[in-house]
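Visitor: Below is the file input.csv, with CSV, C-alpha atoms.
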chain,number,residue,atom,x,y,z
A,1,MET,CA,-7.4,6.2,29.9
A,2,LEU,CA,-9.3,9.3,28.8
A,3,GLY,CA,-10.9,9.6,32.3
A,4,THR,CA,-7.5,9.5,33.9
A,5,LEU,CA,-6.2,12.2,31.6
A,6,ALA,CA,-9.1,14.4,32.2
A,7,GLY,CA,-8.5,14.1,36.0
A,8,ALA,CA,-4.8,14.7,35.6
A,9,PHE,CA,-5.1,17.8,33.5
A,10,GLY,CA,-8.2,19.2,35.1
A,11,PHE,CA,-10.4,19.5,32.0
A,12,GLU,CA,-13.0,17.6,30.1
A,13,ILE,CA,-12.0,15.9,26.9
A,14,VAL,CA,-14.7,17.0,24.5
A,15,PHE,CA,-16.4,14.3,22.4
A,16,ALA,CA,-14.3,11.6,24.1
A,17,ASN,CA,-17.3,9.2,23.8
A,18,LYS,CA,-17.2,9.7,20.0
A,19,LEU,CA,-13.6,8.5,19.6
A,20,PRO,CA,-13.2,5.2,17.7
A,21,PRO,CA,-12.5,2.1,19.9
A,22,ASN,CA,-8.8,1.7,20.7
A,23,TYR,CA,-8.0,5.2,19.4
A,24,LEU,CA,-4.8,6.7,20.8
A,25,PRO,CA,-5.0,10.5,20.9
A,26,LEU,CA,-2.4,12.1,18.7
A,27,PHE,CA,-0.6,13.8,21.5
A,28,LEU,CA,0.2,10.4,23.1
A,29,GLN,CA,1.5,8.8,19.9
A,30,ASP,CA,5.2,8.4,19.4
A,31,GLN,CA,5.3,10.3,16.1
A,32,ASP,CA,3.3,13.0,14.4
A,33,PRO,CA,1.6,11.1,11.5
A,34,PHE,CA,0.8,14.3,9.5
A,35,GLU,CA,4.4,15.3,9.4
A,36,LEU,CA,5.7,11.8,9.1
A,37,PHE,CA,3.5,10.9,6.1
A,38,GLY,CA,3.1,14.3,4.5
A,39,LYS,CA,-0.6,14.5,5.0
A,40,ASP,CA,-2.8,17.5,5.7
A,41,ARG,CA,-3.7,18.1,9.3
A,42,GLU,CA,-7.4,18.0,8.5
A,43,MET,CA,-7.1,14.3,7.7
A,44,ILE,CA,-8.6,12.0,10.3
A,45,VAL,CA,-6.5,9.2,11.9
A,46,LEU,CA,-8.6,6.1,12.5
A,47,ASN,CA,-5.9,3.8,13.7
A,48,ASN,CA,-2.2,3.8,14.4
A,49,LYS,CA,-1.5,0.1,14.6
A,50,PRO,CA,-1.5,-0.2,11.7
A,51,TRP,CA,-1.8,3.4,10.5
A,52,ASN,CA,-5.1,4.2,8.7
A,53,MET,CA,-6.2,7.7,7.8
A,54,GLU,CA,-9.0,9.3,5.8
A,55,ALA,CA,-9.8,12.7,4.3
A,56,GLN,CA,-12.7,14.8,5.3
A,57,ALA,CA,-15.2,15.1,2.5
A,58,HIS,CA,-14.5,18.8,1.8
A,59,LEU,CA,-10.8,17.9,1.1
A,60,LEU,CA,-11.8,15.8,-1.9
A,61,ASN,CA,-13.2,18.6,-4.1
A,62,ASP,CA,-10.2,18.6,-6.5
A,63,ARG,CA,-10.6,16.8,-9.8
A,64,VAL,CA,-7.2,15.2,-9.1
A,65,THR,CA,-6.8,14.3,-5.5
A,66,PRO,CA,-3.5,15.8,-4.1
A,67,ASN,CA,-1.1,13.5,-2.4
A,68,GLN,CA,-1.7,15.1,1.0
A,69,TYR,CA,-5.4,14.2,0.9
A,70,MET,CA,-5.0,10.6,-0.3
A,71,PHE,CA,-6.2,8.2,2.3
A,72,ILE,CA,-3.9,5.7,4.0
A,73,ARG,CA,-5.0,2.0,4.3
A,74,ASN,CA,-2.5,-0.4,5.8
A,75,ASN,CA,-2.5,-3.9,7.4
A,76,GLY,CA,1.0,-4.2,8.8
A,77,ILE,CA,4.2,-2.3,9.6
A,78,ILE,CA,5.5,-0.4,6.6
A,79,PRO,CA,9.0,-1.2,5.3
A,80,THR,CA,11.6,1.3,6.4
A,81,ASN,CA,15.0,2.4,5.1
A,82,ILE,CA,14.0,1.4,1.6
A,83,ASP,CA,16.7,1.5,-1.1
A,84,ALA,CA,14.8,1.8,-4.3
A,85,THR,CA,17.9,1.0,-6.4
A,86,GLN,CA,17.9,-2.4,-4.8
A,87,TRP,CA,14.2,-3.0,-4.9
A,88,THR,CA,13.0,-5.9,-7.0
A,89,LEU,CA,9.6,-7.3,-8.2
A,90,THR,CA,9.4,-11.0,-8.6
A,91,ILE,CA,6.9,-12.6,-11.0
A,92,ASP,CA,6.6,-16.4,-10.6
A,93,GLY,CA,4.0,-19.2,-10.2
A,94,GLU,CA,2.6,-22.0,-12.2
A,95,SER,CA,1.0,-19.8,-14.9
A,96,VAL,CA,4.2,-18.1,-16.2
A,97,GLN,CA,6.7,-19.7,-18.5
A,98,SER,CA,9.7,-18.4,-16.5
A,99,GLU,CA,10.3,-16.7,-13.1
A,100,LYS,CA,11.7,-13.2,-13.5
A,101,GLN,CA,12.8,-10.4,-11.3
A,102,PHE,CA,12.6,-6.7,-12.3
A,103,SER,CA,14.3,-3.7,-10.7
A,104,LEU,CA,12.6,-0.3,-10.8
A,105,GLN,CA,15.0,0.7,-13.5
A,106,ASP,CA,14.1,-2.4,-15.5
A,107,LEU,CA,10.4,-1.5,-15.4
A,108,LYS,CA,11.1,2.1,-16.4
A,109,THR,CA,13.3,1.3,-19.4
A,110,LYS,CA,12.0,-2.0,-20.7
A,111,PHE,CA,8.3,-1.2,-20.9
A,112,GLU,CA,6.1,1.6,-22.2
A,113,GLN,CA,5.1,3.9,-19.4
A,114,HIS,CA,1.5,5.0,-18.9
A,115,THR,CA,-0.3,7.5,-16.8
A,116,TYR,CA,-4.0,7.2,-15.8
A,117,GLN,CA,-6.2,9.1,-13.4
A,118,LEU,CA,-7.8,6.3,-11.5
A,119,THR,CA,-10.2,6.2,-8.5
A,120,LEU,CA,-8.9,4.1,-5.6
A,121,GLU,CA,-11.3,3.3,-2.7
A,122,CYS,CA,-11.2,1.2,0.4
A,123,GLY,CA,-13.8,-1.6,0.5
A,124,GLY,CA,-14.8,-0.3,3.9
A,125,ASN,CA,-15.5,3.3,2.9
A,126,GLY,CA,-18.7,4.5,4.5
A,127,ARG,CA,-18.6,1.7,7.1
A,128,ASN,CA,-19.6,4.0,10.0
A,129,GLU,CA,-23.0,4.4,8.5
A,130,PHE,CA,-23.8,0.6,8.6
A,131,ASP,CA,-26.7,-0.5,10.7
A,132,PRO,CA,-26.2,-2.8,12.3
A,133,PRO,CA,-22.6,-1.7,12.8
A,134,ALA,CA,-19.8,-3.6,11.2
A,135,LYS,CA,-16.4,-4.4,12.7
A,136,GLY,CA,-13.3,-2.6,11.5
A,137,ASN,CA,-12.1,1.0,11.0
A,138,GLN,CA,-15.1,3.2,11.0
A,139,TRP,CA,-14.5,5.0,7.8
A,140,THR,CA,-16.8,7.9,6.9
A,141,THR,CA,-16.6,9.0,3.2
A,142,GLY,CA,-12.9,9.8,3.0
A,143,ALA,CA,-11.3,6.5,2.1
A,144,VAL,CA,-11.3,7.3,-1.6
A,145,GLY,CA,-9.1,9.3,-3.9
A,146,CYS,CA,-8.7,10.0,-7.6
A,147,ALA,CA,-5.0,10.5,-8.3
A,148,LYS,CA,-2.8,10.3,-11.4
A,149,TRP,CA,-0.8,7.1,-11.4
A,150,THR,CA,2.3,6.5,-13.5
A,151,GLY,CA,3.9,3.1,-14.2
A,152,VAL,CA,3.7,0.2,-16.6
A,153,ARG,CA,0.8,-2.0,-17.5
A,154,LEU,CA,0.7,-5.2,-15.5
A,155,LYS,CA,-0.2,-7.2,-18.6
A,156,ASP,CA,3.0,-6.1,-20.4
A,157,VAL,CA,5.1,-7.5,-17.5
A,158,LEU,CA,3.1,-10.7,-17.4
A,159,ASN,CA,3.4,-11.2,-21.1
A,160,ASP,CA,7.1,-10.7,-20.8
A,161,CYS,CA,7.2,-13.6,-18.4
A,162,GLY,CA,5.2,-15.8,-20.7
A,163,ILE,CA,1.7,-15.9,-19.2
A,164,LYS,CA,0.1,-19.2,-19.9
A,165,ASP,CA,-3.4,-19.6,-21.5
A,166,ASN,CA,-4.6,-21.5,-18.5
A,167,ALA,CA,-4.0,-18.6,-16.1
A,168,VAL,CA,-7.2,-17.7,-14.3
A,169,TYR,CA,-6.1,-15.6,-11.3
A,170,ILE,CA,-3.1,-13.7,-10.0
A,171,GLY,CA,-2.0,-13.4,-6.4
A,172,TYR,CA,0.3,-10.8,-4.9
A,173,TYR,CA,2.1,-10.1,-1.6
A,174,GLY,CA,3.0,-6.9,0.0
A,175,ASN,CA,6.3,-6.3,1.7
A,176,ASP,CA,4.9,-5.0,5.0
A,177,THR,CA,5.9,-6.7,8.2
A,178,HIS,CA,3.2,-8.3,10.4
A,179,LEU,CA,2.1,-6.2,13.3
A,180,SER,CA,3.6,-8.8,15.6
A,181,GLY,CA,7.0,-8.2,14.1
A,182,ASP,CA,7.2,-11.8,12.9
A,183,SER,CA,8.6,-11.6,9.4
A,184,ALA,CA,7.5,-15.2,8.7
A,185,LYS,CA,3.8,-14.2,8.9
A,186,VAL,CA,1.9,-13.0,5.8
A,187,VAL,CA,0.6,-9.5,6.3
A,188,ILE,CA,-1.7,-9.3,3.4
A,189,SER,CA,-2.2,-11.1,0.1
A,190,ARG,CA,-4.8,-10.4,-2.5
A,191,GLY,CA,-5.5,-11.2,-6.1
A,192,VAL,CA,-7.7,-10.4,-9.1
A,193,PRO,CA,-9.0,-12.5,-12.0
A,194,ILE,CA,-6.7,-12.7,-14.9
A,195,GLN,CA,-9.1,-10.7,-17.1
A,196,LYS,CA,-8.8,-7.8,-14.7
A,197,ALA,CA,-5.0,-8.1,-14.5
A,198,MET,CA,-4.8,-7.9,-18.3
A,199,GLN,CA,-6.8,-4.7,-18.6
A,200,ASP,CA,-4.9,-1.6,-19.9
A,201,GLU,CA,-5.6,0.4,-16.7
A,202,SER,CA,-4.2,-2.2,-14.3
A,203,LEU,CA,-0.8,-0.7,-13.4
A,204,ILE,CA,2.4,-1.4,-11.6
A,205,ALA,CA,2.9,2.2,-10.5
A,206,TRP,CA,5.9,4.1,-9.0
A,207,ALA,CA,4.5,7.6,-9.1
A,208,MET,CA,1.4,9.4,-7.8
A,209,ASN,CA,0.6,12.8,-9.2
A,210,ASP,CA,4.0,12.9,-11.0
A,211,LYS,CA,6.0,12.3,-7.8
A,212,PRO,CA,7.5,9.1,-6.3
A,213,LEU,CA,4.9,7.2,-4.3
A,214,PRO,CA,4.5,8.5,-0.7
A,215,PRO,CA,5.8,5.9,1.8
A,216,MET,CA,2.3,5.2,3.2
A,217,ASN,CA,0.8,4.9,-0.3
A,218,GLY,CA,3.2,2.2,-1.6
A,219,TYR,CA,6.7,3.5,-2.1
A,220,PRO,CA,8.6,2.5,-4.2
A,221,LEU,CA,6.2,0.3,-6.2
A,222,ARG,CA,2.6,-0.7,-6.0
A,223,LEU,CA,-0.3,-2.2,-7.9
A,224,VAL,CA,-3.3,-0.1,-8.8
A,225,PHE,CA,-6.5,-1.7,-10.0
Starting from the file, give its structure as structure tokens.

Guide:
Amino acid sequence: MLGTLAGAFGFEIVFANKLPPNYLPLFLQDQDPFELFGKDREMIVLNNKPWNMEAQAHLLNDRVTPNQYMFIRNNGIIPTNIDATQWTLTIDGESVQSEKQFSLQDLKTKFEQHTYQLTLECGGNGRNEFDPPAKGNQWTTGAVGCAKWTGVRLKDVLNDCGIKDNAVYIGYYGNDTHLSGDSAKVVISRGVPIQKAMQDESLIAWAMNDKPLPPMNGYPLRLVF
């Protein structure tokens, strides 16, 4: 594709051999990700299906990482046309006394709010330095950030649902759509040991750096561990 473009436009595409596999140049993409996601134009796009983007190292000098420099890590198609007033979080499973649903307003009014500055990092950060190489997005050192997160403690919500003594692990599901467009397919599910879930710093967050979560960083609600 790049060779065809170079011939068509009559110039060489510099460093074309350094582009990540399956990378689609920004000028060929349907939308401008920097404008679309409110990210700085010095951020590096690693993938657009799904969107994944990292900061260059010099953008991470701030003690609190600004929203425009926070990396993007996604596995599916992000939800669109979200109405936060109708958004609900469901807590269920065999280790709670009763299934409950919470609106955003429920969480903000029923539980004590907390703000923590927490470091969030993709497990693949630094992957491009692996030898032998590893599959996946070739992150350099920019898939990390240290923002201020505001929300409620996960343990407070779990206790409100009556967490049982025999609970050992929690599982959670994102609301993204599978890249195939099949809503029946699970995009991503993860979990943590119950001890981690019950730590004070484990948050259900709705704000990053005192602003509503950006769409590509979890709006309107996300877990932060």

Visitor: Quick one: residues within 8 Å of Ile188 of chain A, only C-alpha atoms, excluding same-chain residues fewer than 5 positions away - as a PyMOL selection string?

Guide: chain A and resi 75-76+173-174

Visitor: Neighbouring residues of segment 98-107 of chain A were defined as those with any atom within 12 Å, considering only C-alpha atoms; residues of the same chain fewer than 5 positions away were excluded. Please report them as a ChimeraX atom specification.

Guide: /A:83-93,112-114,150-154,156-164,203-207,212,219-222

Visitor: Nearest to Met70 of chain A: which of A:Lys39, A:Lys135, A:Arg127, A:His178 is it, counting only C-alpha atoms?

Guide: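 For Met70 of chain A, the nearest of the given residues is A:Lys39.
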
Visitor: With distances taken over only C-alpha atoms, which of A:Val45, A:Val224, A:Met216, A:Leu59 is nearest to Thr80 of chain A?

Guide: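 With only C-alpha atoms as the atom set, the closest residue is A:Met216.
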
Visitor: Residues within 9 Å of Val64 of chain A, please, as a PDB file with C-alpha atoms, in the coordinates of the input. Count all atoms listed in the file; anything in the same chain fewer than 5 positions from it doesn't count.

Guide:
ATOM      1  CA  GLN A 117      -6.200   9.100 -13.400  1.00  0.00           C
ATOM      2  CA  GLY A 145      -9.100   9.300  -3.900  1.00  0.00           C
ATOM      3  CA  CYS A 146      -8.700  10.000  -7.600  1.00  0.00           C
ATOM      4  CA  ALA A 147      -5.000  10.500  -8.300  1.00  0.00           C
ATOM      5  CA  LYS A 148      -2.800  10.300 -11.400  1.00  0.00           C
ATOM      6  CA  ASN A 209       0.600  12.800  -9.200  1.00  0.00           C
TER       7      ASN A 209
END

Visitor: Give me, as an NGL selection string, all polymer residues having an atom no more than 9 Å from Gly38 of chain A, counting all atoms listed in the file and skipping those fewer than 4 positions away in the same chain.

Guide: :A and (33-34 or 67-68 or 214)

Visitor: Between A:Gly126, A:Asn217, A:Asn166, A:Tyr172, which one has atoms that come closest to Ile72 of chain A, using all atoms listed in the file?

Guide: A:Asn217

Visitor: Counting all atoms listed in the file, which residues in segment 18-126 of chain A sit no more than 9 Å from segment 190-201 of chain A? For each one, give the nearest pair of atoms and the distance in Å, sorted by chain then residue number, as a Markdown table.

Guide:
| residue | atom | partner | partner_atom | distance |
| --- | --- | --- | --- | --- |
| A:His114 | CA | A:Glu201 | CA | 8.7 |
| A:Thr115 | CA | A:Glu201 | CA | 8.9 |
| A:Tyr116 | CA | A:Glu201 | CA | 7.0 |
| A:Leu118 | CA | A:Glu201 | CA | 8.2 |

Visitor: With 4 Å on each side, where is the centre of the axis-aligned box around all listed atoms of segment 144-157 of chain A, and how long are its edges in Å to one decimal, as AutoDock Vina command-line options?

Guide:
--center_x -3.1 --center_y 1.5 --center_z -11.0 --size_x 24.4 --size_y 26.0 --size_z 26.8
